[in-house]
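Enquirer: Sharing a structure, written as structure tokens. Questions coming.
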Amino acid sequence: MLGFLGALKSETSFLFKQMKVKSSDHDSSCHILQGSYRGRAIVLVTSGMGKALAEHAARRALDRYPISLLISIGFAGALTDALDIGDIVLGSSLQTQRDVSRETAGQLRFVLDESTRSVVADALTRSGVSFHPAAGATVPDIICDSEAKTALASASGAQFADMESYWLAAIASERSVPFVTLRTISDTKQRGLLPFTQMMRPDGQWKGKETARYFLQHPRHLLQLLRLGAEVHRATNSLKNAIEGLVDGLVEGERP
């Protein structure tokens, strides 16, 4: 059984729309659907953003379902100019701060299992999906400006950033469950972002008052929001195609 885990509904809704749901399980922070997708049994988990929610959702899913491969999916920010909107990255290694509240605390690093990555890479290639093997950095907040992306890239050597994959990899390793992270680039290295964590709850829902206040103070940023919406749509379509290709490629690879 494949387990797909994304932080936000915008990262998992395309799978929900296409899967045949057999059962659901949820609590105050995460939502788990069990069913089938393109001929494979899957579990689809929407966790909420960040370390604590991702860890909670992963443990709940792994406790309740016989997941044979856990796949972290969703958006990622580029830390190199070589990655563009909609590019697919397959994580080769992941790192994070030892203590996310202290920048000087040092790095924790995870080299992802080569045999698992090879199976996923072969499935993607078999389906004609282009992807970039890349090192990732898991961060505690959305990186909103290009200067911060440049600093993180310089300090870590990472090529993309997200907010959950390292912690999911650690839990999967504890359970001896194969793990990969497959992400779509939603913002380039040079592109600035709006301070979404000020305006959004961890589940991705907008904070009404905070959002209204922000755009009243920064009305020109509404155009930036529209542009970002178009780029997220492009990135989502790319991820959808990659997941379709992955599942089809895995099914094809299992045929005698």
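Ligands are numbered from 1 in the order shown, residues from 1 within each chain, and chains are lettered A, B, ... in the order they appear in the structure tokens.
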Region 22-255 of chain A: which residues are helix (DSSP H, G or I) by DSSP, as a ChimeraX atom specification?
Expert: /A:51-64,114-126,146-156,165-174,196-199,208-217,221-254
Enquirer: Neighbours of region 175-183 of chain A within 9 Å (only C-alpha atoms; same-chain residues fewer than 3 positions away dropped), as a compact mmCIF listing (two decimals) with N, CA and C atoms, in the first residue's frame?
Expert:
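What ended up in selection-v5.txt:
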# COMPACT_ATOMS: atom_id res chain seq x y z
N LEU A 62 0.77 5.38 9.86
CA LEU A 62 1.58 4.16 9.92
C LEU A 62 1.08 3.20 10.99
N ILE A 67 1.33 0.48 5.26
CA ILE A 67 1.98 1.28 4.23
C ILE A 67 3.35 0.68 3.92
N SER A 68 3.59 0.40 2.65
CA SER A 68 4.87 -0.19 2.23
C SER A 68 5.83 0.85 1.66
N LEU A 69 5.32 2.01 1.29
CA LEU A 69 6.15 3.11 0.81
C LEU A 69 5.46 4.42 1.17
N LEU A 70 6.13 5.26 1.96
CA LEU A 70 5.59 6.56 2.36
C LEU A 70 6.21 7.62 1.46
N ILE A 71 5.36 8.44 0.84
CA ILE A 71 5.81 9.43 -0.13
C ILE A 71 5.37 10.81 0.33
N SER A 72 6.32 11.67 0.60
CA SER A 72 6.03 13.06 0.94
C SER A 72 5.82 13.84 -0.35
N ILE A 73 4.63 14.43 -0.50
CA ILE A 73 4.31 15.16 -1.73
C ILE A 73 3.93 16.60 -1.39
N GLY A 74 3.98 17.46 -2.40
CA GLY A 74 3.55 18.83 -2.19
C GLY A 74 4.47 19.83 -2.86
N PHE A 75 4.40 21.07 -2.37
CA PHE A 75 5.16 22.16 -2.95
C PHE A 75 6.54 22.25 -2.31
N ALA A 76 7.46 22.85 -3.06
CA ALA A 76 8.81 23.12 -2.55
C ALA A 76 9.30 24.42 -3.17
N ASP A 87 8.91 22.18 -11.97
CA ASP A 87 9.91 21.11 -12.00
C ASP A 87 9.66 20.14 -10.86
N ILE A 88 9.89 18.86 -11.11
CA ILE A 88 9.71 17.82 -10.11
C ILE A 88 11.06 17.46 -9.51
N VAL A 89 11.14 17.43 -8.19
CA VAL A 89 12.37 17.03 -7.51
C VAL A 89 12.13 15.74 -6.73
N LEU A 90 13.09 14.83 -6.84
CA LEU A 90 13.10 13.59 -6.08
C LEU A 90 14.25 13.70 -5.10
N GLY A 91 13.93 13.76 -3.80
CA GLY A 91 14.94 14.02 -2.80
C GLY A 91 15.99 12.92 -2.72
N SER A 92 17.26 13.32 -2.70
CA SER A 92 18.37 12.38 -2.51
C SER A 92 18.85 12.39 -1.06
N LEU A 112 18.68 9.56 1.92
CA LEU A 112 17.55 8.68 1.66
C LEU A 112 18.01 7.41 0.95
N ASP A 113 17.34 6.31 1.28
CA ASP A 113 17.72 4.98 0.81
C ASP A 113 17.82 4.93 -0.72
N THR A 116 15.34 2.46 -2.61
CA THR A 116 13.97 2.98 -2.71
C THR A 116 13.89 4.09 -3.75
N ARG A 117 14.86 4.99 -3.72
CA ARG A 117 14.87 6.07 -4.72
C ARG A 117 15.00 5.51 -6.13
N VAL A 120 11.63 4.28 -7.37
CA VAL A 120 10.77 5.41 -7.73
C VAL A 120 11.27 6.09 -9.00
N ASP A 162 11.42 22.51 1.89
CA ASP A 162 10.02 22.28 2.27
C ASP A 162 9.93 22.34 3.79
N SER A 165 9.46 17.18 5.03
CA SER A 165 10.02 15.91 4.56
C SER A 165 11.04 15.29 5.50
N LEU A 168 9.26 13.48 8.31
CA LEU A 168 8.60 12.28 7.82
C LEU A 168 9.61 11.17 7.55
N ALA A 169 10.75 11.53 6.99
CA ALA A 169 11.80 10.54 6.74
C ALA A 169 12.28 9.91 8.03
N ALA A 170 12.40 10.72 9.08
CA ALA A 170 12.86 10.21 10.37
C ALA A 170 11.87 9.20 10.95
N ILE A 171 10.59 9.51 10.88
CA ILE A 171 9.58 8.59 11.41
C ILE A 171 9.52 7.31 10.58
N ALA A 172 9.58 7.45 9.26
CA ALA A 172 9.58 6.26 8.40
C ALA A 172 10.78 5.38 8.71
N LEU A 239 2.74 18.19 -10.49
CA LEU A 239 2.77 17.15 -9.46
C LEU A 239 1.74 16.07 -9.77
N ALA A 242 3.12 13.83 -12.32
CA ALA A 242 4.21 13.02 -11.78
C ALA A 242 3.68 11.86 -10.94
N ILE A 243 2.65 12.13 -10.12
CA ILE A 243 2.08 11.07 -9.29
C ILE A 243 1.39 10.02 -10.16
Enquirer: Would you mind reading off the distance between CA of Asp81 (chain A) and CA of Pro133 (chain A), one decimal, in Å?
Expert: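 If I compute the distance from CA of Asp81 (chain A) to CA of Pro133 (chain A), I get 14.8 Å.
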Enquirer: Need to verify the contact set: Cys30 (chain A), 8 Å, only C-alpha atoms, exclusion of same-chain residues closer than 2 positions in sequence. Can you return it as a PDB file with C-alpha atoms, in the first residue's frame?
Expert:
ATOM      1  CA  HIS A  26      -9.521  12.058  10.877  1.00  0.00           C
ATOM      2  CA  ASP A  27      -8.901  14.030  14.012  1.00  0.00           C
ATOM      3  CA  SER A  28      -8.569  17.735  14.770  1.00  0.00           C
ATOM      4  CA  ILE A  32      -6.664  10.209   6.191  1.00  0.00           C
ATOM      5  CA  VAL A  45      -2.937  11.897   4.296  1.00  0.00           C
ATOM      6  CA  THR A  46      -3.427  15.656   4.660  1.00  0.00           C
ATOM      7  CA  SER A  47      -1.440  16.660   7.722  1.00  0.00           C
ATOM      8  CA  GLY A  48      -1.224  20.416   8.079  1.00  0.00           C
ATOM      9  CA  LEU A  53       1.505  18.121  12.476  1.00  0.00           C
ATOM     10  CA  ALA A  57      -0.182  12.475  10.867  1.00  0.00           C
TER      11      ALA A  57
END
Enquirer: I'd like the contact shell of Tyr166 (chain A) - 7 Å cut-off, only C-alpha atoms, skipping same-chain residues fewer than 4 positions apart - returned as number ranges by chain.
Expert: A: 94-96, 138, 170
Enquirer: Those same residues - N, CA and C atoms - I'd like them written as a short mmCIF file (atom, residue, chain, number, x, y, z; two decimals), in the first residue's frame.
Expert:
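Here's the written file selection32.cif:
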data_model
loop_
_atom_site.label_atom_id
_atom_site.label_comp_id
_atom_site.auth_asym_id
_atom_site.auth_seq_id
_atom_site.Cartn_x
_atom_site.Cartn_y
_atom_site.Cartn_z
N LEU A 94 18.12 14.83 2.88
CA LEU A 94 17.35 15.87 3.57
C LEU A 94 18.11 16.32 4.79
N GLN A 95 17.98 17.59 5.12
CA GLN A 95 18.59 18.08 6.34
C GLN A 95 17.71 19.12 6.99
N THR A 96 17.96 19.34 8.28
CA THR A 96 17.23 20.36 9.01
C THR A 96 18.09 20.83 10.17
N THR A 138 14.65 20.93 5.10
CA THR A 138 13.34 21.11 5.74
C THR A 138 13.44 22.24 6.74
N ALA A 170 12.40 10.72 9.08
CA ALA A 170 12.86 10.21 10.37
C ALA A 170 11.87 9.20 10.95
#
Enquirer: Quick check for you: according to DSSP on this backbone, which residues of region 132-250 of chain A are classed as strand (DSSP E)? Reply as a ChimeraX atom specification.
Expert: /A:132-138,160-162,179-187
Enquirer: Can you spit out the residues from that selection as a CSV table (one decimal), in the first residue's frame, using C-alpha atoms?
Expert:
chain,number,residue,atom,x,y,z
A,132,HIS,CA,15.6,16.3,-10.8
A,133,PRO,CA,17.4,14.3,-8.1
A,134,ALA,CA,18.1,16.9,-5.5
A,135,ALA,CA,19.1,17.6,-1.9
A,136,GLY,CA,16.5,19.1,0.3
A,137,ALA,CA,16.3,21.3,3.4
A,138,THR,CA,13.3,21.1,5.7
A,160,PHE,CA,15.0,22.8,-2.6
A,161,ALA,CA,13.2,23.6,0.7
A,162,ASP,CA,10.0,22.3,2.3
A,179,PHE,CA,10.4,6.7,2.2
A,180,VAL,CA,10.9,9.2,-0.6
A,181,THR,CA,10.0,12.8,-1.1
A,182,LEU,CA,8.6,13.9,-4.5
A,183,ARG,CA,7.9,17.6,-4.7
A,184,THR,CA,7.0,20.2,-7.3
A,185,ILE,CA,8.6,23.6,-7.4
A,186,SER,CA,6.1,26.3,-6.7
A,187,ASP,CA,8.5,29.3,-6.3
Enquirer: Region 13-18 of chain A: which residues within 9 Å, counting only C-alpha atoms, same-chain residues fewer than 2 positions away excluded, as a list of chain:residue names?
Expert: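 In the requested form, the answer reads A:Leu8, A:Lys9, A:Ser10, A:Glu11, A:Lys20, A:Val21, A:Leu33, A:Tyr37, A:Arg38, A:Leu44, A:Thr236, A:Asn237, A:Lys240, A:Ile243.
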Enquirer: Those same residues - C-alpha atoms - I'd like them written as an mmCIF file, in the first residue's frame.
Expert:
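part.cif written:
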data_model
loop_
_atom_site.group_PDB
_atom_site.id
_atom_site.type_symbol
_atom_site.label_atom_id
_atom_site.label_comp_id
_atom_site.auth_asym_id
_atom_site.auth_seq_id
_atom_site.Cartn_x
_atom_site.Cartn_y
_atom_site.Cartn_z
ATOM 1 C CA LEU A 8 -2.278 21.143 2.551
ATOM 2 C CA LYS A 9 -5.499 20.289 0.748
ATOM 3 C CA SER A 10 -4.124 22.180 -2.249
ATOM 4 C CA GLU A 11 -1.319 19.593 -2.349
ATOM 5 C CA LYS A 20 -11.872 5.612 -5.033
ATOM 6 C CA VAL A 21 -12.328 6.198 -1.305
ATOM 7 C CA LEU A 33 -8.398 8.548 3.242
ATOM 8 C CA TYR A 37 -5.871 5.053 -7.267
ATOM 9 C CA ARG A 38 -4.979 3.905 -10.781
ATOM 10 C CA LEU A 44 -3.858 9.756 1.296
ATOM 11 C CA THR A 236 0.008 21.391 -9.019
ATOM 12 C CA ASN A 237 -0.613 20.114 -12.542
ATOM 13 C CA LYS A 240 -0.477 15.515 -10.588
ATOM 14 C CA ILE A 243 2.078 11.066 -9.290
#
Enquirer: Provide the CA of Gly157 (chain A) to CA of Thr125 (chain A) distance in Å, to one decimal place.
Expert: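 Going from CA of Gly157 (chain A) over to CA of Thr125 (chain A) covers 25.7 Å.
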Enquirer: Hey, what's within 10 Å of region 223-229 of chain A if we count only C-alpha atoms and toss same-chain stuff fewer than 2 positions away? As a list in words, please?
Expert: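 Here the answer would be Ser186, Asp187, Arg191, Gly192, Leu193, Leu194, Phe215, Pro219, Arg220, His221, Glu231, Val232, His233, Arg234 and Ala235 of chain A.
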Enquirer: Need to verify the contact set: Gly35 (chain A), 7 Å, only C-alpha atoms, exclusion of same-chain residues closer than 6 positions in sequence. Can you return it as a list of chain:residue names?
Expert: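 The contact residues come out as A:Met19, A:Lys20, A:Val21, A:Lys22, A:Ser23, A:Ala41, A:Ile42, A:Val43.
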Enquirer: With distances taken over only C-alpha atoms, which residue among A:Arg64, A:Lys189, A:His56, A:Lys51 lies nearest Gly3 (chain A)?
Expert: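 Residue with the minimum atom-to-atom distance to Gly3 (chain A): A:Arg64.
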